[in-house]
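Asker: Contents are mmCIF, C-alpha atoms; chains and numbers go by the auth columns; file name entry_39.cif:
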data_my_file
loop_
_atom_site.group_PDB
_atom_site.id
_atom_site.type_symbol
_atom_site.label_atom_id
_atom_site.label_comp_id
_atom_site.label_asym_id
_atom_site.label_seq_id
_atom_site.Cartn_x
_atom_site.Cartn_y
_atom_site.Cartn_z
_atom_site.B_iso_or_equiv
_atom_site.auth_seq_id
_atom_site.auth_asym_id
ATOM 1 C CA THR A 1 28.723 6.799 -95.921 0.00 1045 A
ATOM 2 C CA LYS A 2 28.535 10.164 -94.359 0.00 1046 A
ATOM 3 C CA LEU A 3 24.879 10.138 -95.048 0.00 1047 A
ATOM 4 C CA ARG A 4 24.544 6.747 -93.480 0.00 1048 A
ATOM 5 C CA ASP A 5 26.582 7.818 -90.505 0.00 1049 A
ATOM 6 C CA GLY A 6 24.405 10.910 -90.227 0.00 1050 A
ATOM 7 C CA GLU A 7 21.234 8.821 -90.405 0.00 1051 A
ATOM 8 C CA THR A 8 22.591 6.303 -87.925 0.00 1052 A
ATOM 9 C CA ALA A 9 23.549 9.102 -85.598 0.00 1053 A
ATOM 10 C CA LYS A 10 20.104 10.662 -86.078 0.00 1054 A
ATOM 11 C CA ARG A 11 18.400 7.332 -85.403 0.00 1055 A
ATOM 12 C CA THR A 12 20.591 6.727 -82.383 0.00 1056 A
ATOM 13 C CA ARG A 13 19.806 10.220 -81.145 0.00 1057 A
ATOM 14 C CA ALA A 14 16.093 9.631 -81.756 0.00 1058 A
ATOM 15 C CA GLU A 15 16.267 6.303 -79.946 0.00 1059 A
ATOM 16 C CA ASP A 16 18.144 7.933 -77.089 0.00 1060 A
ATOM 17 C CA GLU A 17 15.547 10.712 -76.937 0.00 1061 A
ATOM 18 C CA ASP A 18 12.752 8.144 -77.088 0.00 1062 A
ATOM 19 C CA ARG A 19 14.402 6.097 -74.331 0.00 1063 A
ATOM 20 C CA THR A 20 14.945 9.239 -72.295 0.00 1064 A
ATOM 21 C CA ALA A 21 11.301 10.295 -72.836 0.00 1065 A
ATOM 22 C CA ARG A 22 10.100 6.833 -71.762 0.00 1066 A
ATOM 23 C CA GLN A 23 12.437 6.935 -68.744 0.00 1067 A
ATOM 24 C CA VAL A 24 11.140 10.412 -67.826 0.00 1068 A
ATOM 25 C CA ALA A 25 7.539 9.200 -68.186 0.00 1069 A
ATOM 26 C CA SER A 26 8.318 6.136 -66.084 0.00 1070 A
ATOM 27 C CA ASP A 27 10.109 8.257 -63.485 0.00 1071 A
ATOM 28 C CA GLN A 28 7.178 10.702 -63.493 0.00 1072 A
ATOM 29 C CA GLU A 29 4.785 7.791 -62.905 0.00 1073 A
ATOM 30 C CA VAL A 30 6.922 6.525 -60.004 0.00 1074 A
ATOM 31 C CA ILE A 31 7.146 10.064 -58.568 0.00 1075 A
ATOM 32 C CA CYS A 32 3.342 10.439 -58.754 0.00 1076 A
ATOM 33 C CA PHE A 33 2.851 7.039 -57.116 0.00 1077 A
ATOM 34 C CA LEU A 34 5.350 7.888 -54.365 0.00 1078 A
ATOM 35 C CA ASP A 35 3.775 11.332 -53.847 0.00 1079 A
ATOM 36 C CA PHE A 36 0.363 9.655 -53.459 0.00 1080 A
ATOM 37 C CA LYS A 37 1.810 7.129 -50.990 0.00 1081 A
ATOM 38 C CA VAL A 38 3.528 9.914 -49.025 0.00 1082 A
ATOM 39 C CA MET A 39 0.220 11.821 -48.806 0.00 1083 A
ATOM 40 C CA GLU A 40 -1.571 8.662 -47.642 0.00 1084 A
ATOM 41 C CA LEU A 41 1.123 7.981 -45.045 0.00 1085 A
ATOM 42 C CA GLU A 42 1.052 11.606 -43.835 0.00 1086 A
ATOM 43 C CA LYS A 43 -2.738 11.432 -43.441 0.00 1087 A
ATOM 44 C CA SER A 44 -2.409 8.092 -41.677 0.00 1088 A
ATOM 45 C CA CYS A 45 0.326 9.532 -39.465 0.00 1089 A
ATOM 46 C CA GLU A 46 -1.865 12.538 -38.555 0.00 1090 A
ATOM 47 C CA ARG A 47 -4.817 10.246 -37.818 0.00 1091 A
ATOM 48 C CA LEU A 48 -2.642 7.967 -35.686 0.00 1092 A
ATOM 49 C CA GLN A 49 -1.130 10.976 -33.897 0.00 1093 A
ATOM 50 C CA THR A 50 -4.642 12.241 -33.114 0.00 1094 A
ATOM 51 C CA GLU A 51 -5.676 8.782 -31.874 0.00 1095 A
ATOM 52 C CA ARG A 52 -2.483 8.532 -29.802 0.00 1096 A
ATOM 53 C CA ASP A 53 -3.142 11.953 -28.251 0.00 1097 A
ATOM 54 C CA ALA A 54 -6.713 10.936 -27.428 0.00 1098 A
ATOM 55 C CA LEU A 55 -5.519 7.654 -25.923 0.00 1099 A
ATOM 56 C CA VAL A 56 -2.832 9.417 -23.885 0.00 1100 A
ATOM 57 C CA GLU A 57 -5.458 11.849 -22.595 0.00 1101 A
ATOM 58 C CA GLU A 58 -7.807 8.972 -21.768 0.00 1102 A
ATOM 59 C CA ALA A 59 -4.972 7.073 -20.045 0.00 1103 A
ATOM 60 C CA ASN A 60 -4.116 10.158 -17.981 0.00 1104 A
ATOM 61 C CA SER A 61 -7.755 10.571 -17.043 0.00 1105 A
ATOM 62 C CA LEU A 62 -8.014 6.907 -16.051 0.00 1106 A
ATOM 63 C CA ARG A 63 -4.762 7.170 -14.095 0.00 1107 A
ATOM 64 C CA LYS A 64 -6.112 10.167 -12.159 0.00 1108 A
ATOM 65 C CA HIS A 65 -9.380 8.348 -11.526 0.00 1109 A
ATOM 66 C CA CYS A 66 -7.553 5.226 -10.363 0.00 1110 A
ATOM 67 C CA ASN A 67 -5.278 7.292 -8.129 0.00 1111 A
ATOM 68 C CA LYS A 68 -8.297 8.978 -6.536 0.00 1112 A
ATOM 69 C CA ARG A 69 -9.993 5.619 -6.092 0.00 1113 A
ATOM 70 C CA THR A 70 -6.828 4.094 -4.635 0.00 1114 A
ATOM 71 C CA GLU A 71 -6.468 7.017 -2.249 0.00 1115 A
ATOM 72 C CA PHE A 72 -10.114 6.625 -1.214 0.00 1116 A
ATOM 73 C CA LEU A 73 -9.682 2.895 -0.646 0.00 1117 A
ATOM 74 C CA GLU A 74 -6.482 3.459 1.334 0.00 1118 A
ATOM 75 C CA ASP A 75 -8.323 5.984 3.517 0.00 1119 A
ATOM 76 C CA MET A 76 -11.172 3.509 4.028 0.00 1120 A
ATOM 77 C CA LEU A 77 -8.685 0.774 4.927 0.00 1121 A
ATOM 78 C CA GLN A 78 -6.936 3.027 7.437 0.00 1122 A
ATOM 79 C CA LEU A 79 -10.284 3.987 8.946 0.00 1123 A
ATOM 80 C CA ALA A 80 -11.270 0.323 9.208 0.00 1124 A
ATOM 81 C CA ARG A 81 -7.946 -0.504 10.861 0.00 1125 A
ATOM 82 C CA ASP A 82 -8.363 2.368 13.322 0.00 1126 A
ATOM 83 C CA GLU A 83 -11.908 1.255 14.126 0.00 1127 A
ATOM 84 C CA ASN A 84 -10.690 -2.315 14.544 0.00 1128 A
ATOM 85 C CA VAL A 85 -8.030 -1.175 17.030 0.00 1129 A
ATOM 86 C CA THR A 86 -10.605 0.896 18.914 0.00 1130 A
ATOM 87 C CA GLU A 87 -13.121 -1.945 18.970 0.00 1131 A
ATOM 88 C CA SER A 88 -10.452 -4.384 20.069 0.00 1132 A
ATOM 89 C CA LYS A 89 -9.450 -2.133 22.969 0.00 1133 A
ATOM 90 C CA GLN A 90 -13.111 -1.648 23.886 0.00 1134 A
ATOM 91 C CA LYS A 91 -13.766 -5.400 23.783 0.00 1135 A
ATOM 92 C CA ARG A 92 -10.735 -6.107 26.000 0.00 1136 A
ATOM 93 C CA LYS A 93 -11.951 -3.479 28.466 0.00 1137 A
ATOM 94 C CA GLU A 94 -15.481 -4.936 28.461 0.00 1138 A
ATOM 95 C CA LYS A 95 -14.070 -8.447 28.869 0.00 1139 A
ATOM 96 C CA ARG A 96 -12.054 -7.350 31.924 0.00 1140 A
ATOM 97 C CA LEU A 97 -15.173 -5.738 33.400 0.00 1141 A
ATOM 98 C CA LEU A 98 -17.239 -8.858 32.734 0.00 1142 A
ATOM 99 C CA VAL A 99 -14.575 -11.142 34.221 0.00 1143 A
ATOM 100 C CA ASN A 100 -14.495 -8.974 37.355 0.00 1144 A
ATOM 101 C CA GLU A 101 -18.291 -8.971 37.505 0.00 1145 A
ATOM 102 C CA ILE A 102 -18.353 -12.772 37.169 0.00 1146 A
ATOM 103 C CA LYS A 103 -15.789 -13.085 39.975 0.00 1147 A
ATOM 104 C CA ASN A 104 -17.876 -10.792 42.180 0.00 1148 A
ATOM 105 C CA CYS A 105 -21.022 -12.777 41.391 0.00 1149 A
ATOM 106 C CA ARG A 106 -19.253 -16.043 42.234 0.00 1150 A
ATOM 107 C CA TYR A 107 -18.088 -14.589 45.547 0.00 1151 A
ATOM 108 C CA GLN A 108 -21.628 -13.411 46.281 0.00 1152 A
ATOM 109 C CA ILE A 109 -23.045 -16.817 45.336 0.00 1153 A
ATOM 110 C CA ALA A 110 -20.509 -18.535 47.600 0.00 1154 A
ATOM 111 C CA ALA A 111 -21.335 -16.133 50.447 0.00 1155 A
ATOM 112 C CA LEU A 112 -25.077 -16.614 49.945 0.00 1156 A
ATOM 113 C CA GLU A 113 -24.623 -20.383 49.758 0.00 1157 A
ATOM 114 C CA ALA A 114 -22.678 -20.300 53.034 0.00 1158 A
ATOM 115 C CA GLU A 115 -25.365 -18.098 54.559 0.00 1159 A
ATOM 116 C CA ARG A 116 -28.058 -20.483 53.291 0.00 1160 A
ATOM 117 C CA GLN A 117 -26.227 -23.466 54.738 0.00 1161 A
ATOM 118 C CA GLY A 118 -25.925 -21.643 58.072 0.00 1162 A
ATOM 119 C CA MET A 119 -29.619 -20.759 58.054 0.00 1163 A
ATOM 120 C CA LEU A 120 -30.595 -24.320 57.134 0.00 1164 A
ATOM 121 C CA LEU A 121 -28.435 -25.588 59.985 0.00 1165 A
ATOM 122 C CA GLU A 122 -30.012 -23.033 62.352 0.00 1166 A
ATOM 123 C CA LEU A 123 -33.470 -23.975 61.096 0.00 1167 A
ATOM 124 C CA SER A 124 -32.709 -27.631 61.631 0.00 1168 A
ATOM 125 C CA LYS A 125 -31.535 -26.886 65.199 0.00 1169 A
ATOM 126 C CA LEU A 126 -34.638 -24.778 65.843 0.00 1170 A
ATOM 127 C CA ARG A 127 -36.900 -27.560 64.552 0.00 1171 A
ATOM 128 C CA SER A 128 -35.076 -30.046 66.732 0.00 1172 A
ATOM 129 C CA THR A 129 -35.442 -27.752 69.715 0.00 1173 A
ATOM 130 C CA VAL A 130 -39.129 -27.186 68.958 0.00 1174 A
ATOM 131 C CA ALA A 131 -39.675 -30.901 68.446 0.00 1175 A
ATOM 132 C CA LEU A 132 -37.960 -31.703 71.738 0.00 1176 A
ATOM 133 C CA GLY A 133 -39.930 -28.969 73.433 0.00 1177 A
ATOM 134 C CA ALA A 134 -43.180 -30.299 71.991 0.00 1178 A
ATOM 135 C CA GLN A 135 -42.530 -33.783 73.247 0.00 1179 A
ATOM 136 C CA SER A 136 -41.897 -32.553 76.740 0.00 1180 A
ATOM 137 C CA SER A 137 -44.804 -30.067 76.824 0.00 1181 A
ATOM 138 C CA PRO A 138 -48.450 -30.990 76.750 0.00 1182 A
ATOM 139 C CA LYS A 139 -50.238 -30.693 73.461 0.00 1183 A
ATOM 140 C CA SER A 140 -52.505 -27.987 74.723 0.00 1184 A
ATOM 141 C CA GLU A 141 -49.556 -25.638 75.173 0.00 1185 A
ATOM 142 C CA MET A 142 -48.289 -26.294 71.666 0.00 1186 A
ATOM 143 C CA LYS A 143 -51.644 -25.724 70.014 0.00 1187 A
ATOM 144 C CA GLY A 144 -51.079 -22.017 69.485 0.00 1188 A
ATOM 145 C CA LEU A 145 -47.505 -22.502 68.259 0.00 1189 A
ATOM 146 C CA ARG A 146 -47.321 -23.003 64.542 0.00 1190 A
ATOM 147 C CA MET A 147 -44.326 -22.864 62.169 0.00 1191 A
ATOM 148 C CA GLY A 148 -44.771 -21.831 58.577 0.00 1192 A
ATOM 149 C CA PRO A 149 -42.481 -22.487 55.652 0.00 1193 A
ATOM 150 C CA VAL A 150 -39.176 -20.661 55.683 0.00 1194 A
ATOM 151 C CA THR A 151 -38.017 -18.848 52.566 0.00 1195 A
ATOM 152 C CA LEU A 152 -34.685 -17.260 51.898 0.00 1196 A
ATOM 153 C CA GLU A 153 -34.418 -14.014 50.021 0.00 1197 A
ATOM 154 C CA ARG A 154 -31.592 -13.492 47.553 0.00 1198 A
ATOM 155 C CA GLY A 155 -30.135 -10.112 47.217 0.00 1199 A
#
Represent the structure contained in this file as structure tokens.
Answerer:
Amino acid sequence: TKLRDGETAKRTRAEDEDRTARQVASDQEVICFLDFKVMELEKSCERLQTERDALVEEANSLRKHCNKRTEFLEDMLQLARDENVTESKQKRKEKRLLVNEIKNCRYQIAALEAERQGMLLELSKLRSTVALGAQSSPKSEMKGLRMGPVTLERG
């Protein structure tokens, strides 16, 4: 029985060694697989880090460009507002001048109209006087007297 016990122990030891060898081989296979995956992930991480850095740089560049453009547009807006204020003031000033000029022209028109009416009245009186004088005088005296059309000058 000692022999059997020895053989059983030997077999058990051999089986344990075989199991251990298989476990080591399996563990080695898993370690190789995990090492490969780690290398892939590290490469992917480096690639993504490089892409992220490039994107951050591009974003910063775009941000600077947008800030410059925004600043330019704000300056243009301020300039347009300033010009609008200036033009508005100028238009109000011109409007006041034009209103005053229109008032002056209306006064002049009224004065000229009054003067015209006075001259027409005077002309009418003169014609009446001439007509009365012509009726009382002989025609031979009136022959040399001739009235032409009357025109009024504006100015």
Asker: Which value, in Å to one decimal, gives the distance between atom CA of Leu1167 of chain A and atom CA of Cys1149 of chain A?
Answerer: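 Those two atoms sit 25.9 Å apart.
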Asker: Rounded to one decimal, what separation in Å do you get between atom CA of Val1074 of chain A and atom CA of Arg1057 of chain A?
Answerer: 25.0 Å
Asker: Hey, can you check how far atom CA of Leu1121 of chain A sits from atom CA of Lys1135 of chain A?
Answerer: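 Here the two named atoms are 20.5 Å from each other.
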Asker: Where atoms are absent from segment 1046-1064 of chain A, fill them in so it carries N, CA and C atoms, then output it as a PDB file, keeping the file's coordinate frame.
Answerer:
ATOM      1  N   LYS A1046      28.800   9.100 -95.289  1.00  0.00           N
ATOM      2  CA  LYS A1046      28.535  10.164 -94.359  1.00  0.00           C
ATOM      3  C   LYS A1046      27.047  10.278 -94.105  1.00  0.00           C
ATOM      4  N   LEU A1047      26.330  10.063 -95.162  1.00  0.00           N
ATOM      5  CA  LEU A1047      24.879  10.138 -95.048  1.00  0.00           C
ATOM      6  C   LEU A1047      24.384   9.039 -94.132  1.00  0.00           C
ATOM      7  N   ARG A1048      24.950   7.863 -94.332  1.00  0.00           N
ATOM      8  CA  ARG A1048      24.544   6.747 -93.480  1.00  0.00           C
ATOM      9  C   ARG A1048      24.945   7.023 -92.040  1.00  0.00           C
ATOM     10  N   ASP A1049      26.120   7.510 -91.848  1.00  0.00           N
ATOM     11  CA  ASP A1049      26.582   7.818 -90.505  1.00  0.00           C
ATOM     12  C   ASP A1049      25.685   8.892 -89.896  1.00  0.00           C
ATOM     13  N   GLY A1050      25.303   9.841 -90.698  1.00  0.00           N
ATOM     14  CA  GLY A1050      24.405  10.910 -90.227  1.00  0.00           C
ATOM     15  C   GLY A1050      23.050  10.336 -89.848  1.00  0.00           C
ATOM     16  N   GLU A1051      22.534   9.430 -90.685  1.00  0.00           N
ATOM     17  CA  GLU A1051      21.234   8.821 -90.405  1.00  0.00           C
ATOM     18  C   GLU A1051      21.336   7.925 -89.177  1.00  0.00           C
ATOM     19  N   THR A1052      22.396   7.185 -89.074  1.00  0.00           N
ATOM     20  CA  THR A1052      22.591   6.303 -87.925  1.00  0.00           C
ATOM     21  C   THR A1052      22.679   7.145 -86.665  1.00  0.00           C
ATOM     22  N   ALA A1053      23.422   8.236 -86.766  1.00  0.00           N
ATOM     23  CA  ALA A1053      23.549   9.102 -85.598  1.00  0.00           C
ATOM     24  C   ALA A1053      22.189   9.708 -85.260  1.00  0.00           C
ATOM     25  N   LYS A1054      21.428  10.090 -86.291  1.00  0.00           N
ATOM     26  CA  LYS A1054      20.104  10.662 -86.078  1.00  0.00           C
ATOM     27  C   LYS A1054      19.196   9.629 -85.433  1.00  0.00           C
ATOM     28  N   ARG A1055      19.215   8.411 -85.948  1.00  0.00           N
ATOM     29  CA  ARG A1055      18.400   7.332 -85.403  1.00  0.00           C
ATOM     30  C   ARG A1055      18.804   7.056 -83.950  1.00  0.00           C
ATOM     31  N   THR A1056      20.094   6.994 -83.729  1.00  0.00           N
ATOM     32  CA  THR A1056      20.591   6.727 -82.383  1.00  0.00           C
ATOM     33  C   THR A1056      20.144   7.838 -81.450  1.00  0.00           C
ATOM     34  N   ARG A1057      20.244   9.104 -81.949  1.00  0.00           N
ATOM     35  CA  ARG A1057      19.806  10.220 -81.145  1.00  0.00           C
ATOM     36  C   ARG A1057      18.310  10.128 -80.886  1.00  0.00           C
ATOM     37  N   ALA A1058      17.541   9.753 -81.897  1.00  0.00           N
ATOM     38  CA  ALA A1058      16.093   9.631 -81.756  1.00  0.00           C
ATOM     39  C   ALA A1058      15.770   8.511 -80.766  1.00  0.00           C
ATOM     40  N   GLU A1059      16.500   7.415 -80.871  1.00  0.00           N
ATOM     41  CA  GLU A1059      16.267   6.303 -79.946  1.00  0.00           C
ATOM     42  C   GLU A1059      16.617   6.715 -78.525  1.00  0.00           C
ATOM     43  N   ASP A1060      17.744   7.457 -78.410  1.00  0.00           N
ATOM     44  CA  ASP A1060      18.144   7.933 -77.089  1.00  0.00           C
ATOM     45  C   ASP A1060      17.087   8.894 -76.529  1.00  0.00           C
ATOM     46  N   GLU A1061      16.590   9.782 -77.380  1.00  0.00           N
ATOM     47  CA  GLU A1061      15.547  10.712 -76.937  1.00  0.00           C
ATOM     48  C   GLU A1061      14.283   9.965 -76.574  1.00  0.00           C
ATOM     49  N   ASP A1062      13.945   8.964 -77.360  1.00  0.00           N
ATOM     50  CA  ASP A1062      12.752   8.144 -77.088  1.00  0.00           C
ATOM     51  C   ASP A1062      12.929   7.403 -75.770  1.00  0.00           C
ATOM     52  N   ARG A1063      14.098   6.795 -75.574  1.00  0.00           N
ATOM     53  CA  ARG A1063      14.402   6.097 -74.331  1.00  0.00           C
ATOM     54  C   ARG A1063      14.353   7.064 -73.146  1.00  0.00           C
ATOM     55  N   THR A1064      14.935   8.234 -73.349  1.00  0.00           N
ATOM     56  CA  THR A1064      14.945   9.239 -72.295  1.00  0.00           C
ATOM     57  C   THR A1064      13.514   9.684 -71.987  1.00  0.00           C
TER      58      THR A1064
END
